[in-house]
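Engineer: The structure file coords33.csv (CSV, C-alpha atoms) is provided below.
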chain,number,residue,atom,x,y,z
A,1,MET,CA,98.9,111.0,149.9
A,2,ALA,CA,99.9,111.6,146.4
A,3,ARG,CA,103.1,110.0,145.0
A,4,GLY,CA,106.0,112.2,145.7
A,5,ASP,CA,104.4,113.8,148.7
A,6,ASP,CA,106.7,111.9,151.1
A,7,GLU,CA,109.6,113.3,149.3
A,8,PHE,CA,108.2,116.8,149.4
A,9,VAL,CA,107.6,116.6,153.1
A,10,GLU,CA,111.2,115.5,153.6
A,11,PHE,CA,112.3,118.3,151.4
A,12,VAL,CA,110.4,120.9,153.4
A,13,GLU,CA,111.6,119.5,156.7
A,14,ALA,CA,115.2,119.5,155.4
A,15,SER,CA,115.2,122.9,153.8
A,16,SER,CA,112.7,125.1,155.6
A,17,ARG,CA,115.0,126.3,158.3
A,18,ARG,CA,117.7,127.5,155.8
A,19,LEU,CA,115.3,129.0,153.3
A,20,THR,CA,113.4,130.8,156.0
A,21,HIS,CA,116.6,132.1,157.5
A,22,GLY,CA,117.7,133.3,154.1
A,23,ALA,CA,114.4,135.0,153.6
A,24,TYR,CA,114.9,136.7,157.0
A,25,LEU,CA,118.2,138.0,155.8
A,26,LEU,CA,116.6,139.3,152.7
A,27,THR,CA,113.7,140.9,154.3
A,28,GLY,CA,114.8,141.7,157.9
A,29,ASP,CA,111.4,140.8,159.1
A,30,ARG,CA,110.6,137.3,160.5
A,31,HIS,CA,106.9,137.4,159.6
A,32,GLN,CA,107.6,138.4,156.0
A,33,ALA,CA,110.3,135.7,155.9
A,34,GLU,CA,107.9,133.1,157.1
A,35,ASP,CA,105.3,134.2,154.6
A,36,ALA,CA,107.9,134.2,151.8
A,37,ALA,CA,109.1,130.7,152.6
A,38,GLN,CA,105.5,129.5,152.8
A,39,THR,CA,104.7,130.9,149.4
A,40,ALA,CA,107.9,129.5,147.9
A,41,PHE,CA,107.1,126.0,149.2
A,42,ALA,CA,103.6,126.2,147.9
A,43,ARG,CA,104.8,127.1,144.4
A,44,THR,CA,107.5,124.5,144.6
A,45,TYR,CA,104.8,121.9,145.5
A,46,ALA,CA,102.8,123.0,142.6
A,47,ALA,CA,105.8,122.3,140.3
A,48,TRP,CA,107.0,119.3,142.3
A,49,GLY,CA,106.5,116.8,139.5
A,50,ARG,CA,108.9,118.8,137.4
A,51,VAL,CA,111.5,119.8,139.9
A,52,ARG,CA,111.7,116.8,142.3
A,53,ARG,CA,114.2,115.1,140.1
A,54,LYS,CA,116.1,118.3,139.4
A,55,ASP,CA,117.4,120.7,142.0
A,56,ALA,CA,114.3,121.4,144.1
A,57,TYR,CA,116.2,123.5,146.6
A,58,ALA,CA,117.5,125.8,143.9
A,59,TYR,CA,114.0,126.1,142.5
A,60,ALA,CA,112.5,127.0,145.9
A,61,ARG,CA,115.3,129.5,146.5
A,62,THR,CA,114.8,131.2,143.2
A,63,VAL,CA,111.0,131.4,143.8
A,64,LEU,CA,111.7,132.8,147.2
A,65,VAL,CA,114.2,135.4,146.0
A,66,ASN,CA,111.9,136.5,143.2
A,67,HIS,CA,109.0,136.8,145.6
A,68,VAL,CA,110.9,139.0,148.0
A,69,ILE,CA,112.3,141.1,145.2
A,70,ASP,CA,108.8,141.7,143.8
A,71,GLY,CA,107.7,142.8,147.2
A,72,TRP,CA,110.5,145.3,147.3
A,73,ARG,CA,109.8,146.6,143.9
A,74,ARG,CA,106.2,147.4,144.8
A,75,GLN,CA,106.6,148.7,148.2
A,76,ILE,CA,110.0,150.4,148.4
A,77,ARG,CA,111.5,153.2,146.4
A,78,GLU,CA,115.1,152.7,147.0
A,79,TYR,CA,118.2,154.1,145.5
A,80,ALA,CA,121.7,152.9,146.2
A,81,ALA,CA,123.8,155.4,148.1
A,82,ASP,CA,127.2,156.0,146.8
A,83,GLU,CA,128.6,157.3,150.0
A,84,LEU,CA,129.3,155.0,152.8
A,85,PRO,CA,127.3,155.8,155.9
A,86,GLU,CA,128.9,156.6,159.1
A,87,SER,CA,129.3,153.6,161.3
A,88,ALA,CA,126.0,153.4,163.1
A,89,THR,CA,127.1,151.5,166.1
A,90,GLY,CA,130.8,152.1,166.2
A,91,GLN,CA,131.3,148.4,166.3
A,92,ASP,CA,133.4,146.4,164.0
A,93,VAL,CA,132.4,143.0,162.8
A,94,ALA,CA,135.5,141.6,164.3
A,95,GLN,CA,134.4,142.8,167.7
A,96,ALA,CA,130.8,141.8,167.5
A,97,VAL,CA,130.4,139.0,165.1
A,98,SER,CA,127.8,137.1,167.0
A,99,ASN,CA,125.8,140.1,167.9
A,100,ARG,CA,122.4,139.8,166.3
A,101,ALA,CA,121.6,143.4,166.9
A,102,TRP,CA,124.7,144.4,165.0
A,103,LEU,CA,123.8,142.2,162.1
A,104,THR,CA,120.3,143.5,162.0
A,105,ALA,CA,121.4,147.1,162.1
A,106,ALA,CA,124.1,146.5,159.6
A,107,LEU,CA,121.8,144.7,157.1
A,108,ALA,CA,119.3,147.5,157.5
A,109,ARG,CA,121.8,149.9,156.0
A,110,LEU,CA,121.9,148.0,152.8
A,111,THR,CA,119.7,148.5,149.8
A,112,GLY,CA,117.5,145.6,148.7
A,113,ARG,CA,119.8,144.5,146.0
A,114,GLU,CA,122.8,144.7,148.3
A,115,ARG,CA,121.0,142.5,150.9
A,116,ALA,CA,120.2,140.1,148.1
A,117,VAL,CA,123.8,139.8,147.0
A,118,VAL,CA,125.1,139.4,150.5
A,119,ALA,CA,122.5,136.8,151.3
A,120,LEU,CA,123.0,134.8,148.1
A,121,ARG,CA,126.8,135.2,148.1
A,122,HIS,CA,127.6,134.7,151.8
A,123,PHE,CA,124.6,132.9,153.3
A,124,PHE,CA,123.6,130.6,150.4
A,125,ASP,CA,127.2,130.4,149.2
A,126,LEU,CA,126.4,130.9,145.6
A,127,PRO,CA,129.3,131.8,143.2
A,128,GLU,CA,129.1,135.2,141.7
A,129,LYS,CA,128.0,133.8,138.3
A,130,GLU,CA,125.0,132.1,140.0
A,131,VAL,CA,124.1,135.2,142.0
A,132,ALA,CA,124.1,137.1,138.7
A,133,GLU,CA,121.8,134.6,137.1
A,134,GLU,CA,119.5,134.5,140.1
A,135,LEU,CA,119.2,138.3,140.2
A,136,GLY,CA,119.3,138.8,136.4
A,137,VAL,CA,122.3,141.1,136.5
A,138,SER,CA,125.8,140.9,135.2
A,139,VAL,CA,128.7,139.3,137.2
A,140,GLY,CA,130.3,142.8,137.2
A,141,THR,CA,127.2,144.2,138.9
A,142,VAL,CA,127.3,141.4,141.5
A,143,LYS,CA,131.0,142.2,142.2
A,144,SER,CA,130.5,145.9,142.6
A,145,THR,CA,127.3,145.5,144.6
A,146,ASN,CA,129.0,143.0,146.9
A,147,SER,CA,132.0,145.3,147.3
A,148,ARG,CA,129.7,148.2,148.1
A,149,ALA,CA,127.7,146.1,150.6
A,150,LEU,CA,130.7,144.8,152.4
A,151,ALA,CA,132.2,148.3,152.6
A,152,LYS,CA,128.9,149.5,154.2
A,153,LEU,CA,129.1,146.6,156.6
A,154,ARG,CA,132.8,147.5,157.2
A,155,VAL,CA,133.9,144.0,156.3
A,156,ASP,CA,137.2,143.3,154.6
A,157,ALA,CA,136.6,140.8,151.9
A,158,GLU,CA,138.7,138.0,150.5
A,159,PRO,CA,140.6,138.8,147.2
A,160,GLU,CA,138.1,137.1,145.1
A,161,ASP,CA,135.4,139.3,146.4
A,162,GLU,CA,137.3,142.3,145.1
A,163,LEU,CA,136.6,144.6,148.0
A,164,ILE,CA,137.0,148.3,147.2
A,165,ARG,CA,138.9,148.8,150.4
A,166,GLY,CA,142.4,148.1,149.4
A,167,GLY,CA,141.6,145.2,147.3
A,168,GLY,CA,140.8,142.9,150.1
A,169,ARG,CA,143.3,140.8,151.9
B,1,MET,CA,139.1,133.8,160.8
B,2,ASN,CA,138.9,137.0,158.7
B,3,ASP,CA,136.2,139.6,158.6
B,4,LEU,CA,134.4,137.9,155.8
B,5,ASP,CA,134.4,134.5,157.7
B,6,LYS,CA,133.0,136.3,160.7
B,7,LEU,CA,130.3,137.9,158.6
B,8,ARG,CA,129.4,134.6,157.2
B,9,ALA,CA,129.3,133.1,160.7
B,10,ALA,CA,127.0,135.9,161.8
B,11,LEU,CA,124.7,135.4,158.9
B,12,ARG,CA,124.4,131.7,159.8
B,13,GLU,CA,123.8,132.4,163.5
B,14,PRO,CA,120.3,131.0,164.3
B,15,PRO,CA,117.7,133.5,165.3
B,16,GLU,CA,117.0,134.0,169.0
B,17,GLN,CA,113.5,132.6,168.5
B,18,PRO,CA,113.2,129.8,166.0
B,19,PHE,CA,111.2,130.5,162.9
B,20,ALA,CA,107.7,129.1,162.7
B,21,THR,CA,107.6,125.6,161.2
B,22,PRO,CA,106.0,125.8,157.7
B,23,ASP,CA,102.4,124.8,157.7
B,24,LEU,CA,102.7,121.8,155.5
B,25,GLY,CA,99.0,121.2,155.3
B,26,ARG,CA,98.5,124.7,154.0
B,27,ILE,CA,101.5,124.5,151.6
B,28,MET,CA,100.2,121.3,150.0
B,29,ALA,CA,96.6,122.6,149.8
B,30,ASP,CA,97.8,125.8,148.1
B,31,GLY,CA,100.2,124.0,145.9
B,32,THR,CA,97.4,121.6,144.9
B,33,ARG,CA,95.1,124.5,144.2
B,34,LEU,CA,97.8,126.0,141.9
B,35,ARG,CA,98.1,122.7,140.0
B,36,ARG,CA,94.3,122.4,139.8
B,37,ARG,CA,93.9,125.9,138.3
B,38,ARG,CA,96.3,124.9,135.6
B,39,ARG,CA,94.3,121.7,134.9
B,40,VAL,CA,90.9,123.5,135.0
B,41,VAL,CA,92.0,126.1,132.6
B,42,THR,CA,93.5,123.4,130.3
B,43,GLY,CA,90.2,121.5,130.5
B,44,ALA,CA,88.1,124.5,129.7
B,45,GLY,CA,90.3,125.1,126.6
B,46,ALA,CA,89.8,121.6,125.5
B,47,ALA,CA,86.1,121.7,125.9
B,48,ALA,CA,85.4,125.1,124.5
B,49,ALA,CA,88.4,125.6,122.3
B,50,ALA,CA,88.8,128.8,124.1
B,51,ALA,CA,91.6,128.3,126.6
B,52,ALA,CA,94.5,126.0,127.3
B,53,VAL,CA,97.6,126.3,129.4
B,54,VAL,CA,100.9,126.0,127.8
B,55,GLY,CA,102.8,126.5,131.0
B,56,ILE,CA,102.4,127.4,134.6
B,57,VAL,CA,99.6,129.7,135.6
B,58,PHE,CA,100.8,131.4,138.8
B,59,GLY,CA,98.7,133.4,141.0
B,60,ALA,CA,99.9,132.6,144.5
B,61,VAL,CA,99.4,135.4,146.9
B,62,ALA,CA,100.9,135.8,150.3
B,63,LEU,CA,98.4,136.7,153.0
B,64,ARG,CA,98.3,136.6,156.7
B,65,THR,CA,95.2,134.8,157.6
B,66,PRO,CA,94.3,132.5,160.5
B,67,SER,CA,95.5,129.0,160.1
B,68,PRO,CA,92.8,126.4,159.7
B,69,PRO,CA,91.9,124.7,163.0
B,70,SER,CA,93.0,121.3,161.9
B,71,ARG,CA,94.9,119.7,159.0
B,72,PRO,CA,93.2,117.5,156.5
B,73,ALA,CA,93.5,113.9,157.4
B,74,ALA,CA,95.6,113.1,154.4
B,75,GLN,CA,98.2,115.6,155.4
B,76,PRO,CA,101.4,114.3,157.1
B,77,PRO,CA,101.8,115.2,160.7
B,78,VAL,CA,104.2,118.0,161.3
B,79,ALA,CA,105.5,119.4,164.5
B,80,ALA,CA,103.3,122.1,165.9
B,81,ALA,CA,105.1,125.4,166.2
B,82,PRO,CA,104.0,128.4,168.2
B,83,GLY,CA,104.3,131.9,167.0
B,84,PRO,CA,103.0,133.8,164.0
B,85,VAL,CA,100.9,132.0,161.5
B,86,SER,CA,101.8,132.5,157.9
B,87,THR,CA,100.0,131.1,154.9
B,88,SER,CA,99.3,131.7,151.3
B,89,THR,CA,96.3,131.3,149.2
B,90,THR,CA,95.2,131.6,145.5
B,91,VAL,CA,92.5,133.1,143.5
B,92,PRO,CA,89.8,131.0,141.8
B,93,PRO,CA,90.2,129.8,138.2
B,94,GLN,CA,88.4,132.4,136.3
B,95,GLU,CA,91.5,133.3,134.2
B,96,SER,CA,90.3,132.0,130.9
B,97,ARG,CA,87.5,134.6,130.4
B,98,PRO,CA,88.8,138.0,129.4
B,99,GLN,CA,87.1,141.0,131.0
B,100,GLY,CA,87.0,143.8,128.4
B,101,SER,CA,89.2,143.9,125.3
B,102,ILE,CA,92.3,141.9,124.7
B,103,ILE,CA,95.4,143.9,124.6
B,104,HIS,CA,97.5,143.1,121.6
B,105,THR,CA,101.3,143.4,121.9
B,106,GLY,CA,102.4,142.7,118.3
B,107,THR,CA,104.9,140.2,119.7
B,108,ARG,CA,104.7,137.0,117.7
B,109,TYR,CA,105.6,133.6,119.0
B,110,PRO,CA,105.4,130.4,117.0
B,111,ALA,CA,102.2,129.6,118.9
B,112,GLY,CA,100.6,133.0,118.3
B,113,GLU,CA,100.6,136.6,119.5
B,114,LEU,CA,101.5,137.6,123.0
B,115,VAL,CA,98.4,139.3,124.5
B,116,PHE,CA,97.3,140.6,127.8
B,117,TYR,CA,93.8,140.7,129.3
B,118,ALA,CA,92.1,141.3,132.5
B,119,TYR,CA,90.2,138.5,134.2
B,120,SER,CA,87.8,138.5,137.1
B,121,ILE,CA,88.7,137.5,140.6
B,122,THR,CA,86.3,136.6,143.3
B,123,GLU,CA,88.1,135.7,146.4
B,124,PRO,CA,86.7,136.2,149.9
B,125,THR,CA,90.2,136.7,151.4
B,126,LEU,CA,90.9,139.4,148.8
B,127,PRO,CA,87.8,141.7,149.2
B,128,GLY,CA,89.5,144.6,147.5
B,129,VAL,CA,90.7,142.6,144.5
B,130,HIS,CA,88.3,142.1,141.6
B,131,PHE,CA,90.6,141.6,138.7
B,132,GLY,CA,94.0,140.4,137.6
B,133,VAL,CA,96.1,140.6,134.4
B,134,MET,CA,96.9,137.6,132.4
B,135,ALA,CA,99.7,137.1,129.9
B,136,ALA,CA,98.5,134.8,127.2
B,137,VAL,CA,99.2,133.6,123.6
B,138,GLN,CA,96.4,134.1,121.1
B,139,SER,CA,96.1,132.1,118.0
B,140,GLY,CA,93.0,132.7,116.0
B,141,GLY,CA,90.2,132.7,118.5
B,142,LYS,CA,92.1,130.6,120.9
B,143,LEU,CA,93.7,131.9,124.1
B,144,ASP,CA,96.4,130.1,125.9
B,145,PRO,CA,96.9,131.6,129.3
B,146,LEU,CA,100.5,131.8,130.4
B,147,TYR,CA,100.8,133.7,133.6
B,148,ALA,CA,98.3,135.3,135.9
B,149,ASN,CA,99.2,138.3,138.0
B,150,ASN,CA,97.1,140.1,140.5
B,151,GLU,CA,97.3,142.5,143.5
B,152,VAL,CA,97.6,140.6,146.7
B,153,ARG,CA,97.2,143.4,149.3
B,154,GLY,CA,94.5,146.0,149.8
B,155,SER,CA,92.6,147.3,146.8
B,156,ASP,CA,93.4,146.5,143.2
B,157,ARG,CA,92.8,150.1,142.1
B,158,THR,CA,94.6,152.2,144.7
B,159,PHE,CA,96.8,154.8,143.0
B,160,GLY,CA,100.2,153.5,141.9
B,161,PHE,CA,101.9,150.5,140.7
B,162,HIS,CA,100.5,147.1,141.5
B,163,THR,CA,101.9,143.7,141.1
B,164,THR,CA,104.8,143.3,138.6
B,165,ALA,CA,105.8,139.9,137.5
B,166,GLY,CA,107.1,137.9,134.5
B,167,GLY,CA,110.5,137.8,133.0
B,168,LEU,CA,110.4,134.1,132.7
B,169,ASP,CA,109.8,131.2,130.4
B,170,VAL,CA,106.5,129.4,130.7
B,171,GLY,CA,106.2,126.3,128.6
B,172,GLY,CA,108.7,127.6,126.1
B,173,GLU,CA,107.1,131.0,125.7
B,174,PHE,CA,108.6,134.1,127.3
B,175,VAL,CA,106.4,136.0,129.6
B,176,PRO,CA,107.7,139.6,129.7
B,177,VAL,CA,107.9,141.7,132.8
B,178,PHE,CA,104.5,143.1,133.1
B,179,GLY,CA,102.1,144.6,135.6
B,180,TYR,CA,99.6,147.5,135.8
B,181,PHE,CA,99.4,151.0,137.2
B,182,ALA,CA,96.3,152.5,138.6
B,183,GLY,CA,96.2,156.2,137.6
B,184,PRO,CA,96.6,158.5,134.5
B,185,ALA,CA,99.9,157.2,133.4
B,186,VAL,CA,100.9,157.5,129.7
B,187,ARG,CA,104.5,156.6,130.1
B,188,ILE,CA,106.2,154.1,132.4
B,189,THR,CA,109.9,153.9,132.6
B,190,SER,CA,112.7,152.3,134.6
B,191,THR,CA,116.4,151.6,134.1
B,192,VAL,CA,118.5,148.5,133.4
B,193,HIS,CA,122.2,148.7,134.1
B,194,GLY,CA,121.8,152.5,134.1
B,195,LYS,CA,120.1,152.7,130.7
B,196,PRO,CA,116.5,154.0,130.6
B,197,VAL,CA,113.9,151.6,129.4
B,198,GLN,CA,110.3,152.4,128.6
B,199,ALA,CA,107.4,150.1,128.9
B,200,HIS,CA,104.6,149.6,126.4
B,201,THR,CA,101.3,150.7,127.9
B,202,ALA,CA,97.6,150.1,127.1
B,203,LYS,CA,94.5,151.2,129.0
B,204,TRP,CA,92.1,148.6,130.1
B,205,SER,CA,88.9,149.0,128.2
B,206,GLU,CA,86.7,148.3,131.3
B,207,ASP,CA,88.5,151.0,133.3
B,208,PRO,CA,90.8,153.4,131.5
B,209,SER,CA,92.4,154.4,134.9
B,210,VAL,CA,94.1,151.0,134.8
B,211,VAL,CA,97.2,151.0,132.6
B,212,VAL,CA,98.7,147.7,131.7
B,213,PHE,CA,102.4,147.8,131.0
B,214,TRP,CA,105.0,145.4,129.7
B,215,PHE,CA,108.7,145.6,128.8
B,216,ASP,CA,110.4,144.1,125.7
B,217,GLN,CA,112.3,141.0,126.5
B,218,ALA,CA,115.4,142.3,124.8
B,219,GLN,CA,115.5,145.3,127.1
B,220,VAL,CA,114.3,143.7,130.3
B,221,PRO,CA,114.9,140.0,130.4
B,222,SER,CA,114.3,139.9,134.1
B,223,GLY,CA,112.3,142.0,136.6
B,224,ALA,CA,115.2,141.8,139.0
B,225,GLN,CA,117.2,144.1,136.7
B,226,LEU,CA,114.8,147.0,137.0
B,227,THR,CA,115.3,149.9,139.2
B,228,PRO,CA,112.0,151.3,140.7
B,229,LEU,CA,109.4,152.0,138.1
B,230,ALA,CA,108.3,155.6,137.3
B,231,ALA,CA,105.0,156.7,135.9
B,232,TYR,CA,104.4,160.0,134.0
B,233,ALA,CA,101.2,161.8,133.1
B,234,ALA,CA,100.4,163.2,129.7
B,235,ASP,CA,101.8,166.6,130.7
B,236,GLY,CA,105.1,165.0,131.7
B,237,THR,CA,104.4,165.2,135.4
B,238,ARG,CA,105.9,162.3,137.3
B,239,LEU,CA,103.1,160.5,139.1
B,240,THR,CA,105.3,158.4,141.4
B,241,THR,CA,108.0,159.4,143.8
Spell out the structure here as structure tokens.
Structural biologist:
Amino acid sequence: MARGDDEFVEFVEASSRRLTHGAYLLTGDRHQAEDAAQTAFARTYAAWGRVRRKDAYAYARTVLVNHVIDGWRRQIREYAADELPESATGQDVAQAVSNRAWLTAALARLTGRERAVVALRHFFDLPEKEVAEELGVSVGTVKSTNSRALAKLRVDAEPEDELIRGGGR
Amino acid sequence: MNDLDKLRAALREPPEQPFATPDLGRIMADGTRLRRRRRVVTGAGAAAAAAAVVGIVFGAVALRTPSPPSRPAAQPPVAAAPGPVSTSTTVPPQESRPQGSIIHTGTRYPAGELVFYAYSITEPTLPGVHFGVMAAVQSGGKLDPLYANNEVRGSDRTFGFHTTAGGLDVGGEFVPVFGYFAGPAVRITSTVHGKPVQAHTAKWSEDPSVVVFWFDQAQVPSGAQLTPLAAYAADGTRLTT
């Protein structure tokens, strides 16, 4: 086994569940998520000599997000809807927080970019500035996209998330 | 716990069925192949003064193919996981030989001019893919491949946009967002932050129905900023929905 492989194996074992879960939130499809994670890990391994002493997790996450976004760009013609959709289920997140079906349906109402912002901001816990860097957009775009996404999800945000519904709480 | 906390809790809730464990053997084999491609191209450049890699040459593709029956002996043991098999593979290292004419961009880097060219792909797992597009730097007669980009699903010449990549630094040189369109496109556009942007285009000399496009770095520093691409024919007709 090459030098550094032990570390890489540990890295994959430690991070695969979270990265694959993140990919699932981005794609909404577990097979695509597993493929995306596999590809991200392969590319990370190819660059392991460079990234192992830096932030390998951030590198893998960036590769993963870019891979998923490229897939969207080629497969999906999507346009952000300005209007909020009617509540599909009639459920509120406060009433059904652990309901996977709710989450799946709710995320499916988001555009790709909105899903990405929600996943990076609220699953990967990245600050807005890093979300902006990851997606190559401005912080303002992250804020507005996040607000729109949370509004579609009918989630009240914290003040720093600048929710459009009454400025959060 | 407010709504946002509950959303975050819901996002973190593990799936009902656990995700398949990554195939470490396949990951390391694919990663090794990616590294080897970089070295092979570098070696070819040194030997023939024709090609060298100044950065990463990517070409990983995501496919769903059966997993190999067993892992190589050198691979570390990993827990077997039932469920769908996912894997990725790469294309062979034929990137250093341009197929047809080199496309000149006029963009100058200290190391030379940014160019694009098509290269041949022979990959049994990609029977419908016969070429990819390489971003490279050309200085004199020397080509330094930067970033390989190819279709990874179906046929490489089905009508429409194919793989789009770039928008990143490779070995200190910027690889712009680029890709290709199969069809009679003369204009390719998108928007960034609401502003329209237009790509440069050039037909591939080997097949004029293949239109290579790329965006200026100043206008499109990252592919993630683009809204869906649109292609237009010579009469102004929009070719894509």
Engineer: What are the residues of chain B lining chain A at 6 Å or less? Count all atoms listed in the file, and put the answer as a ChimeraX atom specification.
Structural biologist: /B:3-4,6,8,10,27,30-31,34-35,74,86,88,222,224-225
Engineer: What gap, in Å, lies between CA of Ser15 (chain A) and CA of Tyr57 (chain A)?
Structural biologist: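 CA of Ser15 (chain A) sits 7.3 Å away from CA of Tyr57 (chain A).
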Engineer: With all atoms listed in the file as the basis for distance, which of B:Ala185, B:Val192, B:Ala111, B:Leu229 is at the shortest distance from Thr164 (chain B)?
Structural biologist: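 Smallest separation from Thr164 (chain B) among the options: B:Leu229.
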Engineer: Do you have the CA of Ile188 (chain B)-CA of Val68 (chain A) distance handy?
Structural biologist: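 Taking CA of Ile188 (chain B) as the start and CA of Val68 (chain A) as the end point, the length is 22.2 Å.
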Engineer: What separation in Å, quoted to one decimal, exists between CA of Ile102 (chain B) and CA of Ser205 (chain B)?
Structural biologist: 8.6 Å
Engineer: Can you work out which one of B:Gly167, B:Pro145, B:Gly236, B:Pro14 has the shortest atom-to-atom distance to Arg187 (chain B), counting all atoms listed in the file?
Structural biologist: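 Closest residue, counting all atoms listed in the file: B:Gly236.
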Engineer: Which residue out of A:Lys129, A:Leu120, A:Glu114, A:Ala105 has the minimum interatomic distance to Thr145 (chain A) when only C-alpha atoms are used?
Structural biologist: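 Smallest separation from Thr145 (chain A) among the options: A:Glu114.
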Engineer: Please list as a list in words every residue within 10 Å of Glu206 (chain B), counting all atoms listed in the file and excluding residues in the same chain fewer than 3 positions away.
Structural biologist: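 Listing them by chain and then by number gives Gln99, Gly100, Ser101, Ala118, Lys203, Ser209 and Val210 of chain B.
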Engineer: Print the selection's residues with C-alpha atoms to a file, as a PDB file, in the coordinates of the input.
Structural biologist:
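result37.pdb was written with the following content:
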ATOM      1  CA  GLN B  99      87.100 141.000 131.000  1.00  0.00           C
ATOM      2  CA  GLY B 100      87.000 143.800 128.400  1.00  0.00           C
ATOM      3  CA  SER B 101      89.200 143.900 125.300  1.00  0.00           C
ATOM      4  CA  ALA B 118      92.100 141.300 132.500  1.00  0.00           C
ATOM      5  CA  LYS B 203      94.500 151.200 129.000  1.00  0.00           C
ATOM      6  CA  SER B 209      92.400 154.400 134.900  1.00  0.00           C
ATOM      7  CA  VAL B 210      94.100 151.000 134.800  1.00  0.00           C
TER       8      VAL B 210
END
Engineer: Can you tell me which residues surround Pro98 (chain B) at a distance of at most 8 Å, considering only C-alpha atoms, apart from same-chain residues fewer than 6 positions away, and format the answer as a list of chain:residue names?
Structural biologist: B:Tyr117, B:Ala118, B:Tyr119, B:Ser120
Engineer: Counting only C-alpha atoms, what is within 12 Å of Thr107 (chain B), bar same-chain residues fewer than 6 positions away, as number ranges by chain?
Structural biologist: B: 113-116, 135-138, 173-176, 200, 214-218
Engineer: Dump region 108-124 of chain A with N, CA and C atoms to a file, as a PDB file, in the first residue's frame.
Structural biologist:
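The result, written out as part_12.pdb:
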ATOM      1  N   ALA A 108     -37.698  18.536  -2.897  1.00  0.00           N
ATOM      2  CA  ALA A 108     -38.005  18.379  -4.322  1.00  0.00           C
ATOM      3  C   ALA A 108     -38.638  19.642  -4.895  1.00  0.00           C
ATOM      4  N   ARG A 109     -39.176  20.501  -4.044  1.00  0.00           N
ATOM      5  CA  ARG A 109     -39.792  21.738  -4.536  1.00  0.00           C
ATOM      6  C   ARG A 109     -38.757  22.815  -4.800  1.00  0.00           C
ATOM      7  N   LEU A 110     -37.525  22.572  -4.401  1.00  0.00           N
ATOM      8  CA  LEU A 110     -36.483  23.580  -4.559  1.00  0.00           C
ATOM      9  C   LEU A 110     -35.765  23.424  -5.890  1.00  0.00           C
ATOM     10  N   THR A 111     -35.234  24.521  -6.377  1.00  0.00           N
ATOM     11  CA  THR A 111     -34.364  24.442  -7.544  1.00  0.00           C
ATOM     12  C   THR A 111     -33.024  23.865  -7.102  1.00  0.00           C
ATOM     13  N   GLY A 112     -32.217  23.513  -8.078  1.00  0.00           N
ATOM     14  CA  GLY A 112     -30.909  22.942  -7.757  1.00  0.00           C
ATOM     15  C   GLY A 112     -30.074  23.874  -6.896  1.00  0.00           C
ATOM     16  N   ARG A 113     -30.066  25.143  -7.267  1.00  0.00           N
ATOM     17  CA  ARG A 113     -29.232  26.078  -6.488  1.00  0.00           C
ATOM     18  C   ARG A 113     -29.772  26.223  -5.071  1.00  0.00           C
ATOM     19  N   GLU A 114     -31.087  26.244  -4.947  1.00  0.00           N
ATOM     20  CA  GLU A 114     -31.665  26.355  -3.605  1.00  0.00           C
ATOM     21  C   GLU A 114     -31.313  25.137  -2.760  1.00  0.00           C
ATOM     22  N   ARG A 115     -31.372  23.971  -3.368  1.00  0.00           N
ATOM     23  CA  ARG A 115     -30.984  22.752  -2.641  1.00  0.00           C
ATOM     24  C   ARG A 115     -29.532  22.850  -2.207  1.00  0.00           C
ATOM     25  N   ALA A 116     -28.712  23.341  -3.126  1.00  0.00           N
ATOM     26  CA  ALA A 116     -27.286  23.427  -2.808  1.00  0.00           C
ATOM     27  C   ALA A 116     -27.049  24.363  -1.634  1.00  0.00           C
ATOM     28  N   VAL A 117     -27.728  25.496  -1.653  1.00  0.00           N
ATOM     29  CA  VAL A 117     -27.546  26.455  -0.558  1.00  0.00           C
ATOM     30  C   VAL A 117     -28.048  25.852   0.755  1.00  0.00           C
ATOM     31  N   VAL A 118     -29.199  25.213   0.711  1.00  0.00           N
ATOM     32  CA  VAL A 118     -29.737  24.594   1.935  1.00  0.00           C
ATOM     33  C   VAL A 118     -28.788  23.512   2.455  1.00  0.00           C
ATOM     34  N   ALA A 119     -28.291  22.697   1.547  1.00  0.00           N
ATOM     35  CA  ALA A 119     -27.399  21.607   1.985  1.00  0.00           C
ATOM     36  C   ALA A 119     -26.092  22.154   2.546  1.00  0.00           C
ATOM     37  N   LEU A 120     -25.510  23.129   1.842  1.00  0.00           N
ATOM     38  CA  LEU A 120     -24.213  23.651   2.299  1.00  0.00           C
ATOM     39  C   LEU A 120     -24.372  24.476   3.571  1.00  0.00           C
ATOM     40  N   ARG A 121     -25.448  25.233   3.630  1.00  0.00           N
ATOM     41  CA  ARG A 121     -25.621  26.146   4.772  1.00  0.00           C
ATOM     42  C   ARG A 121     -26.112  25.392   6.011  1.00  0.00           C
ATOM     43  N   HIS A 122     -27.057  24.496   5.828  1.00  0.00           N
ATOM     44  CA  HIS A 122     -27.735  23.928   6.993  1.00  0.00           C
ATOM     45  C   HIS A 122     -27.386  22.459   7.255  1.00  0.00           C
ATOM     46  N   PHE A 123     -26.776  21.798   6.287  1.00  0.00           N
ATOM     47  CA  PHE A 123     -26.304  20.437   6.561  1.00  0.00           C
ATOM     48  C   PHE A 123     -24.800  20.448   6.803  1.00  0.00           C
ATOM     49  N   PHE A 124     -24.069  21.087   5.886  1.00  0.00           N
ATOM     50  CA  PHE A 124     -22.612  21.147   6.071  1.00  0.00           C
ATOM     51  C   PHE A 124     -22.196  22.291   7.005  1.00  0.00           C
TER      52      PHE A 124
END
